[in-house]
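Undergrad: Starting off with a structure, shown below.
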Amino acid sequence: MTKFKTRISKSSKNSLIILANDYSSANTKIVSQTIKNIKTMHKFLCGIKLNFHALLPLGKKEIVKINKTAHQYGLQTIADIKLNDIGNTNQITSKILWDFGFDAIIVNPIMGPESLKKIVREAHKRDRGVIALCHMSAPEAKVSYEINVSLSKNSKPKPLYQLFLKWAISSGADGIIVGATYPKIISHCKKISGKKLDIYSPGIGTQGGSVTKAITSGSDFLIVGRTILGSRNPARTAKQLQSANA
């Protein structure tokens, strides 16, 4: 198996869009709807993302079926559980997700740099990827991700997202999450990380993020959910977004 960054790069030759297939857990047709989305929209996507709440109602067979279908259509799959716990829990959780067929997981660096490095190291042994939160797309993200922190008395305080960026680089993570609603922060992160990290940006459309601004600021991938899922014609909307970042 090739490395995750190689696979997602190959998948993104025609589109930079990752579908956030994050239906409400009240939806009793998550599996069939997800598979339908893959079959009807794969030409306009490079991957799909499944959030924690969408995964919880599903069993192993259902999740494996989704991942296998996505792979058959050339898409990468990302488990968005924002993993953040003690080492043993991180290890067991990520291994289960790899066994389910996911290509990458999203983690929360608040666990600390050493724990993050362990997750990345174990993932890379299996040619899987790790994407670390840096700055979320929601407006309230400013309250936490931009809070100034200092790790020592002699160090100058800096916004938390900059610390997360540093840890993501040093751990060898495959990418970071930076909301499309914060183009200036995308620019800063791209300037610092260069080609070391891919930037994945959620928040396009419904939350106010712009495809053009995100891409020109440095985003490598666009994570889009409600804008596509809530439209009258999801496939057409996905195609329009694909064309916008072509």
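Going through the structure tokens in order, the chains are called A, B, and so on, while each chain numbers its residues from 1 and the ligands are numbered from 1 in the order shown.
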Which polymer residues have any atom within 12 Å of an atom of Phe164 of chain A, counting only C-alpha atoms, with same-chain residues fewer than 6 positions away left out, as a ChimeraX atom specification?

TA: /A:107-113,116,131-136,144-147,149,158,170-171,173,175-178,189,193

Undergrad: Which residues, written as a short mmCIF file (atom, residue, chain, number, x, y, z; two decimals) with N, CA and C atoms, in the first residue's frame, have at least one atom at most 12 Å from Thr93 of chain A, with only C-alpha atoms counted and residues fewer than 6 positions away on the same chain left out?

TA:
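So selection_7.cif came out as:
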data_model
loop_
_atom_site.label_atom_id
_atom_site.label_comp_id
_atom_site.auth_asym_id
_atom_site.auth_seq_id
_atom_site.Cartn_x
_atom_site.Cartn_y
_atom_site.Cartn_z
N ALA A 79 -11.85 9.33 9.11
CA ALA A 79 -12.67 9.22 10.31
C ALA A 79 -12.45 10.48 11.15
N ILE A 81 -13.02 11.84 14.26
CA ILE A 81 -13.42 11.63 15.66
C ILE A 81 -12.66 12.56 16.61
N LYS A 82 -11.74 13.36 16.05
CA LYS A 82 -10.95 14.31 16.85
C LYS A 82 -10.36 13.61 18.07
N LEU A 83 -9.69 12.51 17.80
CA LEU A 83 -9.13 11.65 18.83
C LEU A 83 -8.21 12.41 19.77
N ASN A 84 -8.43 12.24 21.07
CA ASN A 84 -7.62 12.92 22.08
C ASN A 84 -7.81 12.21 23.42
N ASP A 85 -6.87 11.34 23.76
CA ASP A 85 -7.01 10.61 25.03
C ASP A 85 -5.64 10.13 25.47
N ILE A 86 -5.60 9.24 26.45
CA ILE A 86 -4.34 8.67 26.90
C ILE A 86 -3.80 7.75 25.80
N GLY A 87 -2.50 7.47 25.86
CA GLY A 87 -1.84 6.70 24.82
C GLY A 87 -2.50 5.38 24.47
N ASP A 99 -8.56 -1.04 11.02
CA ASP A 99 -9.17 -2.34 10.68
C ASP A 99 -10.50 -2.17 9.96
N PHE A 100 -11.19 -1.08 10.24
CA PHE A 100 -12.46 -0.79 9.57
C PHE A 100 -12.25 -0.29 8.14
N PHE A 102 -10.44 2.73 7.25
CA PHE A 102 -10.23 4.16 7.06
C PHE A 102 -8.79 4.44 6.62
N ILE A 105 -7.31 9.58 10.05
CA ILE A 105 -8.14 10.02 11.18
C ILE A 105 -7.79 11.47 11.51
N ILE A 106 -8.77 12.17 12.06
CA ILE A 106 -8.54 13.53 12.54
C ILE A 106 -8.37 13.46 14.05
N VAL A 107 -7.31 14.09 14.55
CA VAL A 107 -7.00 14.05 15.98
C VAL A 107 -6.92 15.46 16.53
N ILE A 119 0.80 8.47 17.73
CA ILE A 119 -0.31 8.17 16.82
C ILE A 119 0.18 8.22 15.37
N GLU A 122 2.51 5.16 14.53
CA GLU A 122 1.78 3.91 14.35
C GLU A 122 0.94 3.93 13.06
N ALA A 123 0.39 5.10 12.74
CA ALA A 123 -0.40 5.23 11.52
C ALA A 123 0.47 5.02 10.28
#

Undergrad: Using only C-alpha atoms, which residues sit within 7 Å of segment 73-76 of chain A once same-chain residues fewer than 2 positions away are excluded, as a short mmCIF file (atom, residue, chain, number, x, y, z; two decimals) with N, CA and C atoms, in the first residue's frame?

TA:
data_model
loop_
_atom_site.label_atom_id
_atom_site.label_comp_id
_atom_site.auth_asym_id
_atom_site.auth_seq_id
_atom_site.Cartn_x
_atom_site.Cartn_y
_atom_site.Cartn_z
N ILE A 8 -4.03 10.34 -1.40
CA ILE A 8 -4.96 11.47 -1.44
C ILE A 8 -4.54 12.44 -2.55
N SER A 11 -5.86 10.93 -5.69
CA SER A 11 -7.33 11.06 -5.75
C SER A 11 -7.76 12.48 -6.07
N HIS A 42 -18.62 10.67 -6.97
CA HIS A 42 -17.20 10.36 -6.87
C HIS A 42 -16.35 11.13 -7.89
N CYS A 46 -12.52 13.83 -3.95
CA CYS A 46 -11.29 13.05 -3.77
C CYS A 46 -11.39 12.19 -2.52
N GLY A 47 -12.41 12.43 -1.69
CA GLY A 47 -12.57 11.65 -0.48
C GLY A 47 -13.88 11.93 0.22
N ILE A 48 -14.15 11.13 1.25
CA ILE A 48 -15.31 11.39 2.10
C ILE A 48 -14.86 11.36 3.56
N THR A 69 -16.55 0.59 -0.63
CA THR A 69 -17.21 1.23 -1.77
C THR A 69 -16.45 2.49 -2.19
N ALA A 70 -16.06 3.29 -1.20
CA ALA A 70 -15.31 4.52 -1.50
C ALA A 70 -14.01 4.19 -2.22
N HIS A 71 -13.32 3.16 -1.77
CA HIS A 71 -12.06 2.77 -2.39
C HIS A 71 -12.26 2.26 -3.81
N ILE A 78 -11.89 9.35 5.62
CA ILE A 78 -11.34 9.97 6.83
C ILE A 78 -12.34 9.84 7.99
N ASP A 103 -8.64 5.48 5.83
CA ASP A 103 -7.32 5.87 5.35
C ASP A 103 -6.63 6.87 6.27
#

Undergrad: Extract, using only C-alpha atoms, all DNA, RNA and protein residues at most 9 Å from Tyr23 of chain A, discarding same-chain residues fewer than 2 positions from it, and format them as a VMD selection string.

TA: chain A and resid 20 to 21 25 to 27 30 34 50 to 51 53 to 54 225 to 226 229

Undergrad: Just write the chosen residues, N, CA and C atoms, as a short mmCIF file (atom, residue, chain, number, x, y, z; two decimals), in the first residue's frame.

TA:
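Listed below is the output, part-v8.cif:
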data_model
loop_
_atom_site.label_atom_id
_atom_site.label_comp_id
_atom_site.auth_asym_id
_atom_site.auth_seq_id
_atom_site.Cartn_x
_atom_site.Cartn_y
_atom_site.Cartn_z
N ALA A 20 -18.06 15.89 3.48
CA ALA A 20 -18.32 15.63 4.89
C ALA A 20 -19.69 14.96 4.98
N ASN A 21 -19.69 13.65 4.91
CA ASN A 21 -20.93 12.88 4.85
C ASN A 21 -21.51 12.72 6.26
N SER A 25 -27.55 11.47 13.22
CA SER A 25 -27.64 10.08 13.67
C SER A 25 -29.09 9.59 13.64
N ALA A 26 -30.04 10.53 13.51
CA ALA A 26 -31.46 10.16 13.42
C ALA A 26 -31.79 9.60 12.04
N ASN A 27 -30.89 9.81 11.09
CA ASN A 27 -31.08 9.30 9.74
C ASN A 27 -30.90 7.79 9.74
N ILE A 30 -28.27 6.05 6.70
CA ILE A 30 -26.93 6.61 6.55
C ILE A 30 -26.09 5.78 5.59
N THR A 34 -25.00 7.14 2.03
CA THR A 34 -23.56 7.38 1.86
C THR A 34 -23.05 6.68 0.61
N LEU A 50 -16.35 11.00 7.58
CA LEU A 50 -17.47 10.60 8.43
C LEU A 50 -17.20 11.06 9.85
N ASN A 51 -18.13 11.83 10.40
CA ASN A 51 -17.98 12.36 11.75
C ASN A 51 -18.35 11.32 12.80
N HIS A 53 -20.53 11.32 15.19
CA HIS A 53 -21.95 11.06 15.40
C HIS A 53 -22.55 10.21 14.29
N ALA A 54 -21.96 10.27 13.09
CA ALA A 54 -22.45 9.46 11.98
C ALA A 54 -21.96 8.01 12.10
N GLY A 225 -19.73 19.85 3.56
CA GLY A 225 -20.81 18.98 4.01
C GLY A 225 -22.18 19.50 3.67
N ARG A 226 -22.74 20.35 4.54
CA ARG A 226 -24.12 20.80 4.39
C ARG A 226 -24.40 21.51 3.07
N LEU A 229 -24.85 18.37 0.86
CA LEU A 229 -25.90 17.46 1.33
C LEU A 229 -27.27 18.12 1.40
#

Undergrad: As a PyMOL selection string, please: all residues of segment 14-225 of chain A that backbone DSSP puts in alpha helix (DSSP H).

TA: chain A and resi 30-41+52-55+60-72+87-99+113-125+141-145+160-171+183-193+211-217

Undergrad: Using only C-alpha atoms, which of A:Gln162, A:Ile96, A:Ile18, A:Lys60 sits nearest Tyr200 of chain A?

TA: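 Looking at the shortest contact to Tyr200 of chain A, the residue is A:Ile18.
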
Undergrad: Select from segment 156-197 of chain A everything DSSP, run on the backbone, classes as strand (DSSP E or B), then give the selection as a PyMOL selection string.

TA: chain A and resi 158-159+175-178
